[in-house]
file run-v8.cif (mmCIF, C-alpha atoms and all ligand atoms)
data_input
#
loop_
_atom_site.label_atom_id
_atom_site.label_comp_id
_atom_site.auth_asym_id
_atom_site.auth_seq_id
_atom_site.Cartn_x
_atom_site.Cartn_y
_atom_site.Cartn_z
CA MET U 1 181.05 77.72 45.28
CA MET U 2 181.83 74.28 46.74
CA ALA U 3 184.31 72.61 44.45
CA ARG U 4 185.26 68.94 44.80
CA LEU U 5 187.33 68.39 41.65
CA ALA U 6 189.24 71.65 41.99
CA LYS U 7 190.69 73.51 44.93
CA GLU U 8 189.06 76.82 45.76
CA ILE U 9 191.27 79.84 46.37
CA LYS U 10 189.81 82.91 48.06
CA PHE U 11 191.95 86.02 47.60
CA GLN U 12 192.07 88.71 50.21
CA GLU U 13 190.18 91.80 49.01
CA LEU U 14 192.30 94.82 49.72
CA GLY U 15 189.52 97.23 48.89
CA ASP U 16 188.91 100.57 50.42
CA GLU U 17 186.64 103.51 49.60
CA ARG U 18 188.42 103.83 46.24
CA GLY U 19 187.43 100.34 45.08
CA HIS U 20 188.78 96.80 45.12
CA LEU U 21 192.24 95.32 44.71
CA VAL U 22 193.12 91.63 44.58
CA VAL U 23 196.69 90.28 44.49
CA MET U 24 197.74 86.95 43.01
CA GLU U 25 201.30 86.06 43.90
CA GLY U 26 203.24 82.98 42.77
CA LYS U 27 204.14 80.58 45.61
CA VAL U 28 202.11 82.77 47.98
CA SER U 29 198.38 82.74 47.13
CA ILE U 30 199.03 80.74 43.94
CA PRO U 31 200.61 77.37 44.83
CA PHE U 32 203.15 77.42 41.99
CA GLU U 33 205.55 79.78 40.26
CA ILE U 34 203.46 81.53 37.57
CA LYS U 35 205.13 80.95 34.20
CA ARG U 36 202.33 82.11 31.90
CA ILE U 37 199.22 84.27 32.02
CA TYR U 38 196.47 84.42 29.42
CA TYR U 39 192.90 85.57 29.38
CA ILE U 40 189.81 84.73 27.41
CA TYR U 41 187.25 87.43 26.62
CA GLY U 42 184.67 88.36 24.02
CA THR U 43 183.37 84.78 24.01
CA GLN U 44 179.93 84.42 22.47
CA PRO U 45 177.39 82.94 24.93
CA GLU U 46 176.73 79.89 22.74
CA VAL U 47 180.45 79.07 22.39
CA SER U 48 182.09 76.36 24.53
CA ARG U 49 185.86 76.06 24.91
CA GLY U 50 188.42 73.80 26.48
CA PHE U 51 187.67 70.10 25.90
CA HIS U 52 191.05 68.91 27.05
CA ALA U 53 193.12 67.88 30.06
CA HIS U 54 196.82 68.38 30.79
CA ARG U 55 199.52 65.88 31.70
CA ASN U 56 201.70 68.21 33.75
CA LEU U 57 200.14 71.69 33.75
CA LYS U 58 198.33 73.19 36.71
CA GLN U 59 196.14 76.23 36.26
CA VAL U 60 194.36 78.77 38.39
CA LEU U 61 191.25 80.27 36.79
CA VAL U 62 189.30 83.30 37.90
CA ALA U 63 186.51 85.21 36.19
CA ILE U 64 187.79 88.72 36.84
CA LYS U 65 184.68 90.05 35.13
CA GLY U 66 181.37 88.39 34.32
CA SER U 67 180.83 84.68 34.72
CA CYS U 68 181.25 81.29 33.08
CA LYS U 69 180.74 77.64 33.97
CA MET U 70 183.61 75.18 34.31
CA HIS U 71 182.71 71.57 33.67
CA LEU U 72 185.36 69.32 35.27
CA GLU U 73 185.93 65.57 35.24
CA ASN U 74 188.61 63.45 36.94
CA GLY U 75 187.74 60.12 35.32
CA LYS U 76 185.36 59.14 38.12
CA GLU U 77 183.31 62.23 38.92
CA LYS U 78 181.93 65.24 37.07
CA GLU U 79 181.25 68.66 38.45
CA VAL U 80 180.11 72.06 37.19
CA ILE U 81 181.50 75.10 38.97
CA GLU U 82 180.26 78.58 38.18
CA LEU U 83 182.92 81.27 38.34
CA THR U 84 181.26 84.56 39.24
CA ASP U 85 183.51 86.29 41.76
CA PRO U 86 186.77 88.15 40.94
CA SER U 87 188.09 87.34 44.41
CA LYS U 88 187.62 83.55 44.06
CA ALA U 89 189.58 81.18 41.85
CA ILE U 90 189.82 77.46 41.26
CA LEU U 91 193.04 75.48 41.00
CA ILE U 92 192.75 72.75 38.38
CA ASP U 93 195.20 69.90 38.85
CA THR U 94 196.77 67.68 36.22
CA LEU U 95 194.64 65.04 34.49
CA THR U 96 191.41 66.98 34.89
CA TRP U 97 189.15 67.26 31.86
CA ARG U 98 187.77 70.79 31.50
CA GLU U 99 185.11 72.40 29.38
CA MET U 100 184.02 76.02 29.63
CA HIS U 101 180.41 76.92 28.90
CA ASP U 102 177.88 79.73 29.28
CA PHE U 103 180.24 82.68 29.15
CA SER U 104 178.51 85.94 29.94
CA GLU U 105 179.13 88.50 27.21
CA ASP U 106 181.33 90.57 29.51
CA CYS U 107 183.29 87.58 30.87
CA VAL U 108 187.05 87.96 31.21
CA LEU U 109 188.51 84.62 32.33
CA LEU U 110 192.04 84.97 33.67
CA CYS U 111 194.26 81.87 33.58
CA LEU U 112 197.52 81.52 35.51
CA ALA U 113 199.62 78.60 34.35
CA SER U 114 202.42 76.65 36.05
CA GLU U 115 204.19 75.94 32.73
CA HIS U 116 204.96 77.56 29.41
CA TYR U 117 202.73 76.68 26.47
CA ASP U 118 203.44 73.14 25.30
CA GLU U 119 201.07 71.49 22.86
CA SER U 120 202.45 68.04 23.79
CA ASP U 121 201.14 68.53 27.34
CA TYR U 122 197.54 68.62 26.06
CA ILE U 123 195.29 65.58 26.11
CA ARG U 124 192.66 66.52 23.54
CA SER U 125 191.14 63.07 23.08
CA TYR U 126 188.44 62.29 25.65
CA GLU U 127 189.12 58.59 25.13
CA GLU U 128 192.81 59.00 25.92
CA PHE U 129 191.94 61.10 28.97
CA SER U 130 189.54 58.42 30.26
CA LYS U 131 192.27 55.77 29.93
CA LEU U 132 194.96 57.87 31.65
CA ALA U 133 192.61 59.01 34.42
CA SER U 134 191.58 55.48 35.33
CA LEU U 135 195.18 54.19 35.70
P1 LIG G 201 192.96 76.60 23.00
O1 LIG G 201 193.84 75.75 23.86
O2 LIG G 201 192.19 75.97 21.89
O3 LIG G 201 191.95 77.37 23.94
P2 LIG G 201 190.80 76.76 24.91
O4 LIG G 201 191.31 75.47 25.43
O5 LIG G 201 190.69 77.80 25.96
O6 LIG G 201 189.56 76.64 24.13
O7 LIG G 201 193.87 77.79 22.45
C1 LIG G 201 193.49 78.59 21.35
C2 LIG G 201 194.70 78.87 20.49
O8 LIG G 201 195.69 79.61 21.19
C3 LIG G 201 195.38 77.60 20.02
O9 LIG G 201 195.75 77.79 18.67
C4 LIG G 201 196.62 77.48 20.88
C5 LIG G 201 196.93 78.93 21.20
N1 LIG G 201 197.57 79.14 22.52
C6 LIG G 201 198.90 79.56 22.58
O10 LIG G 201 199.57 79.75 21.56
N2 LIG G 201 199.46 79.76 23.80
C7 LIG G 201 198.76 79.56 24.95
O11 LIG G 201 199.31 79.79 26.06
C8 LIG G 201 197.39 79.12 24.88
C9 LIG G 201 196.59 78.88 26.12
C10 LIG G 201 196.85 78.92 23.64
#
call {"tool": "encode", "arguments": {"input": "run-v8.cif", "output": "structure tokens"}}
result
Amino acid sequence: MMARLAKEIKFQELGDERGHLVVMEGKVSIPFEIKRIYYIYGTQPEVSRGFHAHRNLKQVLVAIKGSCKMHLENGKEKEVIELTDPSKAILIDTLTWREMHDFSEDCVLLCLASEHYDESDYIRSYEEFSKLASL
């Protein structure tokens, strides 16, 4: 994974002979106070999600099981990042268009959010995103 439009976060794997353990801690390995956690699972392989950007929200995403592809855009560049490793996350900054594709059937995508849910923070129009991102 070599992300340009997102920051990669590699978590320490505290595994031993019993198995693996990964810790995500706000303001420690996650660069913000975690206000909200949600996860996406049971996504059919032909289903795509996302198709929005955020004005103020930052998010850390990690496929804690299975895999999916994150399509990112910042108004100038596009990038596809495959999430496959439960010890590696990406930090998506504000004003980044994201689409999620090609979920494996077993994919569990964990999302850590810097803000509470706020529909007015969403930019769901690609046209509006393109205008804001090129300012
Ligand atoms: P949506 O943003 O469409 O998901 P995605 O961008 O991953 O495709 O969210 C699906 C529904 O869940 C939508 O009705 C909004 C709601 N929702 C909440 O109520 N709280 C939340 O924290 C999130 C992320 C979504």
call {"tool": "closest_residue", "arguments": {"input": "run-v8.cif", "among": "U:Ser67, U:Gln59, U:Ser130, U:Ser87", "to": "U:Glu115", "atoms": "all atoms listed in the file"}}
result
U:Gln59
call {"tool": "closest_residue", "arguments": {"input": "run-v8.cif", "among": "U:Met70, U:Ile34, U:Glu99, U:Val62", "to": "U:Asp85", "atoms": "only C-alpha atoms"}}
result
U:Val62
call {"tool": "closest_residue", "arguments": {"input": "run-v8.cif", "among": "U:Ser114, U:Gln12, U:Ser29, U:Ser134", "to": "ligand LIG 201 (chain G)", "atoms": "all atoms listed in the file"}}
result
U:Ser114
call {"tool": "atom_distance", "arguments": {"input": "run-v8.cif", "atom1": "atom CA of U:Pro45", "atom2": "atom CA of U:Glu105"}}
result
6.3 Å
call {"tool": "residues_near_ligand", "arguments": {"input": "run-v8.cif", "ligand": "ligand LIG 201 (chain G)", "cutoff": "7 Å", "atoms": "only C-alpha atoms and all ligand atoms", "output": "list in words"}}
result
Arg36, Tyr38, Arg49, Gly50, Phe51, His52, His116 and Tyr117 of chain U
call {"tool": "closest_residue", "arguments": {"input": "run-v8.cif", "among": "U:Leu57, U:Lys10, U:Leu110, U:Lys88", "to": "U:Glu33", "atoms": "all atoms listed in the file"}}
result
U:Leu57
call {"tool": "atom_distance", "arguments": {"input": "run-v8.cif", "atom1": "atom CA of U:Leu112", "atom2": "atom CA of U:Leu61"}}
result
6.5 Å
call {"tool": "atom_distance", "arguments": {"input": "run-v8.cif", "atom1": "atom CA of U:Gly42", "atom2": "atom CA of U:Gly19"}}
result
24.4 Å
call {"tool": "closest_residue", "arguments": {"input": "run-v8.cif", "among": "U:Gly75, U:Trp97, U:Asp118, U:Thr84", "to": "U:Lys131", "atoms": "all atoms listed in the file"}}
result
U:Gly75
call {"tool": "residues_around", "arguments": {"input": "run-v8.cif", "residues": "U:Phe129", "least_positions_apart": "2", "cutoff": "12 Å", "atoms": "all atoms listed in the file", "output": "MDAnalysis selection string"}}
result
chainID U and resid 51:55 73:76 94:98 121:127 131:135
call {"tool": "closest_residue", "arguments": {"input": "run-v8.cif", "among": "U:Leu83, U:Ala89, U:Ile40, U:Leu14", "to": "U:His71", "atoms": "only C-alpha atoms"}}
result
U:Leu83
call {"tool": "residues_near_point", "arguments": {"input": "run-v8.cif", "point": "(180.7, 69.7, 37.3)", "cutoff": "9 Å", "atoms": "all atoms listed in the file", "output": "number ranges by chain"}}
result
U: 3-5, 69-73, 77-82
call {"tool": "residues_around", "arguments": {"input": "run-v8.cif", "residues": "U:Tyr39", "least_positions_apart": "3", "cutoff": "8 Å", "atoms": "only C-alpha atoms", "output": "list of chain:residue names"}}
result
U:Val108, U:Leu109, U:Leu110, U:Cys111
call {"tool": "axis_aligned_box", "arguments": {"input": "run-v8.cif", "around": "stretch 113-128 of chain U", "padding_each_side": "4 Å", "output": "lines of an AutoDock Vina configuration file"}}
result
center_x = 196.7
center_y = 68.6
center_z = 29.5
size_x = 24.5
size_y = 28.0
size_z = 21.2
call {"tool": "decode", "arguments": {"input": "run-v8.cif", "residues": "stretch 28-43 of chain U", "atoms": "all heavy atoms", "output": "PDB file, in the first residue's frame"}}
result
ATOM      1  N   VAL U  28      -3.386   9.060  19.943  1.00  0.00           N
ATOM      2  CA  VAL U  28      -2.138   8.303  20.066  1.00  0.00           C
ATOM      3  C   VAL U  28      -1.821   7.742  18.670  1.00  0.00           C
ATOM      4  O   VAL U  28      -1.103   8.391  17.907  1.00  0.00           O
ATOM      5  CB  VAL U  28      -2.233   7.195  21.138  1.00  0.00           C
ATOM      6  CG1 VAL U  28      -0.902   6.448  21.268  1.00  0.00           C
ATOM      7  CG2 VAL U  28      -2.610   7.811  22.483  1.00  0.00           C
ATOM      8  N   SER U  29      -2.412   6.610  18.298  1.00  0.00           N
ATOM      9  CA  SER U  29      -2.185   6.108  16.934  1.00  0.00           C
ATOM     10  C   SER U  29      -3.188   6.702  15.944  1.00  0.00           C
ATOM     11  O   SER U  29      -2.962   6.683  14.735  1.00  0.00           O
ATOM     12  CB  SER U  29      -2.257   4.581  16.900  1.00  0.00           C
ATOM     13  OG  SER U  29      -3.469   4.125  17.456  1.00  0.00           O
ATOM     14  N   ILE U  30      -4.306   7.213  16.460  1.00  0.00           N
ATOM     15  CA  ILE U  30      -5.291   7.901  15.614  1.00  0.00           C
ATOM     16  C   ILE U  30      -5.134   9.395  15.882  1.00  0.00           C
ATOM     17  O   ILE U  30      -5.203   9.814  17.042  1.00  0.00           O
ATOM     18  CB  ILE U  30      -6.739   7.464  15.997  1.00  0.00           C
ATOM     19  CG1 ILE U  30      -6.889   5.948  15.963  1.00  0.00           C
ATOM     20  CG2 ILE U  30      -7.772   8.154  15.110  1.00  0.00           C
ATOM     21  CD1 ILE U  30      -6.667   5.290  14.631  1.00  0.00           C
ATOM     22  N   PRO U  31      -4.907  10.212  14.832  1.00  0.00           N
ATOM     23  CA  PRO U  31      -4.518  11.612  15.087  1.00  0.00           C
ATOM     24  C   PRO U  31      -5.662  12.538  15.478  1.00  0.00           C
ATOM     25  O   PRO U  31      -5.572  13.740  15.268  1.00  0.00           O
ATOM     26  CB  PRO U  31      -3.879  12.036  13.761  1.00  0.00           C
ATOM     27  CG  PRO U  31      -4.532  11.175  12.750  1.00  0.00           C
ATOM     28  CD  PRO U  31      -4.865   9.875  13.410  1.00  0.00           C
ATOM     29  N   PHE U  32      -6.740  12.015  16.007  1.00  0.00           N
ATOM     30  CA  PHE U  32      -7.820  12.861  16.518  1.00  0.00           C
ATOM     31  C   PHE U  32      -8.509  12.109  17.650  1.00  0.00           C
ATOM     32  O   PHE U  32      -8.309  10.907  17.837  1.00  0.00           O
ATOM     33  CB  PHE U  32      -8.814  13.235  15.405  1.00  0.00           C
ATOM     34  CG  PHE U  32      -9.320  12.082  14.564  1.00  0.00           C
ATOM     35  CD1 PHE U  32     -10.263  11.174  15.053  1.00  0.00           C
ATOM     36  CD2 PHE U  32      -8.865  11.903  13.253  1.00  0.00           C
ATOM     37  CE1 PHE U  32     -10.732  10.130  14.272  1.00  0.00           C
ATOM     38  CE2 PHE U  32      -9.325  10.854  12.461  1.00  0.00           C
ATOM     39  CZ  PHE U  32     -10.264   9.963  12.978  1.00  0.00           C
ATOM     40  N   GLU U  33      -9.333  12.836  18.377  1.00  0.00           N
ATOM     41  CA  GLU U  33     -10.175  12.226  19.405  1.00  0.00           C
ATOM     42  C   GLU U  33     -11.292  11.477  18.680  1.00  0.00           C
ATOM     43  O   GLU U  33     -11.966  12.068  17.831  1.00  0.00           O
ATOM     44  CB  GLU U  33     -10.752  13.357  20.271  1.00  0.00           C
ATOM     45  CG  GLU U  33     -11.080  12.988  21.678  1.00  0.00           C
ATOM     46  CD  GLU U  33      -9.848  12.700  22.531  1.00  0.00           C
ATOM     47  OE1 GLU U  33      -9.184  13.649  22.970  1.00  0.00           O
ATOM     48  OE2 GLU U  33      -9.587  11.496  22.748  1.00  0.00           O
ATOM     49  N   ILE U  34     -11.480  10.210  18.959  1.00  0.00           N
ATOM     50  CA  ILE U  34     -12.485   9.418  18.212  1.00  0.00           C
ATOM     51  C   ILE U  34     -13.868   9.712  18.801  1.00  0.00           C
ATOM     52  O   ILE U  34     -14.133   9.426  19.965  1.00  0.00           O
ATOM     53  CB  ILE U  34     -12.170   7.911  18.308  1.00  0.00           C
ATOM     54  CG1 ILE U  34     -10.776   7.625  17.734  1.00  0.00           C
ATOM     55  CG2 ILE U  34     -13.239   7.088  17.581  1.00  0.00           C
ATOM     56  CD1 ILE U  34     -10.189   6.306  18.187  1.00  0.00           C
ATOM     57  N   LYS U  35     -14.748  10.297  17.975  1.00  0.00           N
ATOM     58  CA  LYS U  35     -16.085  10.636  18.475  1.00  0.00           C
ATOM     59  C   LYS U  35     -17.125   9.623  18.040  1.00  0.00           C
ATOM     60  O   LYS U  35     -18.219   9.581  18.602  1.00  0.00           O
ATOM     61  CB  LYS U  35     -16.504  12.013  17.965  1.00  0.00           C
ATOM     62  CG  LYS U  35     -15.727  13.143  18.587  1.00  0.00           C
ATOM     63  CD  LYS U  35     -16.497  14.447  18.484  1.00  0.00           C
ATOM     64  CE  LYS U  35     -15.693  15.589  19.067  1.00  0.00           C
ATOM     65  NZ  LYS U  35     -15.996  16.837  18.383  1.00  0.00           N
ATOM     66  N   ARG U  36     -16.800   8.824  17.013  1.00  0.00           N
ATOM     67  CA  ARG U  36     -17.819   7.923  16.451  1.00  0.00           C
ATOM     68  C   ARG U  36     -17.123   6.749  15.780  1.00  0.00           C
ATOM     69  O   ARG U  36     -16.059   6.924  15.178  1.00  0.00           O
ATOM     70  CB  ARG U  36     -18.647   8.716  15.434  1.00  0.00           C
ATOM     71  CG  ARG U  36     -19.740   7.961  14.744  1.00  0.00           C
ATOM     72  CD  ARG U  36     -20.704   8.961  14.097  1.00  0.00           C
ATOM     73  NE  ARG U  36     -19.984   9.879  13.220  1.00  0.00           N
ATOM     74  CZ  ARG U  36     -19.951   9.772  11.893  1.00  0.00           C
ATOM     75  NH1 ARG U  36     -20.617   8.830  11.272  1.00  0.00           N
ATOM     76  NH2 ARG U  36     -19.272  10.639  11.169  1.00  0.00           N
ATOM     77  N   ILE U  37     -17.719   5.584  15.931  1.00  0.00           N
ATOM     78  CA  ILE U  37     -17.213   4.373  15.286  1.00  0.00           C
ATOM     79  C   ILE U  37     -18.377   3.722  14.568  1.00  0.00           C
ATOM     80  O   ILE U  37     -19.472   3.619  15.123  1.00  0.00           O
ATOM     81  CB  ILE U  37     -16.644   3.388  16.334  1.00  0.00           C
ATOM     82  CG1 ILE U  37     -15.461   4.008  17.070  1.00  0.00           C
ATOM     83  CG2 ILE U  37     -16.243   2.063  15.683  1.00  0.00           C
ATOM     84  CD1 ILE U  37     -14.956   3.163  18.229  1.00  0.00           C
ATOM     85  N   TYR U  38     -18.167   3.320  13.319  1.00  0.00           N
ATOM     86  CA  TYR U  38     -19.178   2.487  12.657  1.00  0.00           C
ATOM     87  C   TYR U  38     -18.458   1.473  11.789  1.00  0.00           C
ATOM     88  O   TYR U  38     -17.252   1.599  11.547  1.00  0.00           O
ATOM     89  CB  TYR U  38     -20.182   3.329  11.864  1.00  0.00           C
ATOM     90  CG  TYR U  38     -19.622   4.134  10.721  1.00  0.00           C
ATOM     91  CD1 TYR U  38     -19.631   3.633   9.421  1.00  0.00           C
ATOM     92  CD2 TYR U  38     -19.084   5.398  10.936  1.00  0.00           C
ATOM     93  CE1 TYR U  38     -19.143   4.379   8.357  1.00  0.00           C
ATOM     94  CE2 TYR U  38     -18.591   6.144   9.888  1.00  0.00           C
ATOM     95  CZ  TYR U  38     -18.618   5.632   8.599  1.00  0.00           C
ATOM     96  OH  TYR U  38     -18.116   6.361   7.556  1.00  0.00           O
ATOM     97  N   TYR U  39     -19.175   0.462  11.382  1.00  0.00           N
ATOM     98  CA  TYR U  39     -18.551  -0.525  10.505  1.00  0.00           C
ATOM     99  C   TYR U  39     -19.547  -1.000   9.475  1.00  0.00           C
ATOM    100  O   TYR U  39     -20.760  -0.986   9.685  1.00  0.00           O
ATOM    101  CB  TYR U  39     -17.934  -1.681  11.290  1.00  0.00           C
ATOM    102  CG  TYR U  39     -18.758  -2.256  12.411  1.00  0.00           C
ATOM    103  CD1 TYR U  39     -19.588  -3.357  12.190  1.00  0.00           C
ATOM    104  CD2 TYR U  39     -18.694  -1.698  13.684  1.00  0.00           C
ATOM    105  CE1 TYR U  39     -20.334  -3.889  13.233  1.00  0.00           C
ATOM    106  CE2 TYR U  39     -19.447  -2.222  14.716  1.00  0.00           C
ATOM    107  CZ  TYR U  39     -20.267  -3.317  14.491  1.00  0.00           C
ATOM    108  OH  TYR U  39     -21.011  -3.830  15.514  1.00  0.00           O
ATOM    109  N   ILE U  40     -18.982  -1.372   8.344  1.00  0.00           N
ATOM    110  CA  ILE U  40     -19.762  -1.770   7.173  1.00  0.00           C
ATOM    111  C   ILE U  40     -19.437  -3.233   6.918  1.00  0.00           C
ATOM    112  O   ILE U  40     -18.254  -3.602   6.852  1.00  0.00           O
ATOM    113  CB  ILE U  40     -19.364  -0.886   5.971  1.00  0.00           C
ATOM    114  CG1 ILE U  40     -19.776   0.574   6.229  1.00  0.00           C
ATOM    115  CG2 ILE U  40     -19.947  -1.409   4.676  1.00  0.00           C
ATOM    116  CD1 ILE U  40     -19.217   1.550   5.214  1.00  0.00           C
ATOM    117  N   TYR U  41     -20.436  -4.066   6.806  1.00  0.00           N
ATOM    118  CA  TYR U  41     -20.190  -5.494   6.559  1.00  0.00           C
ATOM    119  C   TYR U  41     -21.372  -6.074   5.801  1.00  0.00           C
ATOM    120  O   TYR U  41     -22.418  -5.422   5.682  1.00  0.00           O
ATOM    121  CB  TYR U  41     -19.953  -6.247   7.873  1.00  0.00           C
ATOM    122  CG  TYR U  41     -21.125  -6.231   8.831  1.00  0.00           C
ATOM    123  CD1 TYR U  41     -21.996  -7.317   8.907  1.00  0.00           C
ATOM    124  CD2 TYR U  41     -21.364  -5.125   9.627  1.00  0.00           C
ATOM    125  CE1 TYR U  41     -23.083  -7.288   9.776  1.00  0.00           C
ATOM    126  CE2 TYR U  41     -22.442  -5.087  10.498  1.00  0.00           C
ATOM    127  CZ  TYR U  41     -23.299  -6.174  10.573  1.00  0.00           C
ATOM    128  OH  TYR U  41     -24.372  -6.142  11.415  1.00  0.00           O
ATOM    129  N   GLY U  42     -21.178  -7.277   5.270  1.00  0.00           N
ATOM    130  CA  GLY U  42     -22.255  -7.923   4.516  1.00  0.00           C
ATOM    131  C   GLY U  42     -22.536  -7.215   3.206  1.00  0.00           C
ATOM    132  O   GLY U  42     -23.652  -7.286   2.689  1.00  0.00           O
ATOM    133  N   THR U  43     -21.546  -6.503   2.676  1.00  0.00           N
ATOM    134  CA  THR U  43     -21.738  -5.771   1.418  1.00  0.00           C
ATOM    135  C   THR U  43     -21.603  -6.742   0.249  1.00  0.00           C
ATOM    136  O   THR U  43     -20.645  -7.508   0.192  1.00  0.00           O
ATOM    137  CB  THR U  43     -20.679  -4.657   1.279  1.00  0.00           C
ATOM    138  OG1 THR U  43     -20.620  -3.938   2.512  1.00  0.00           O
ATOM    139  CG2 THR U  43     -21.034  -3.698   0.164  1.00  0.00           C
TER     140      THR U  43
END
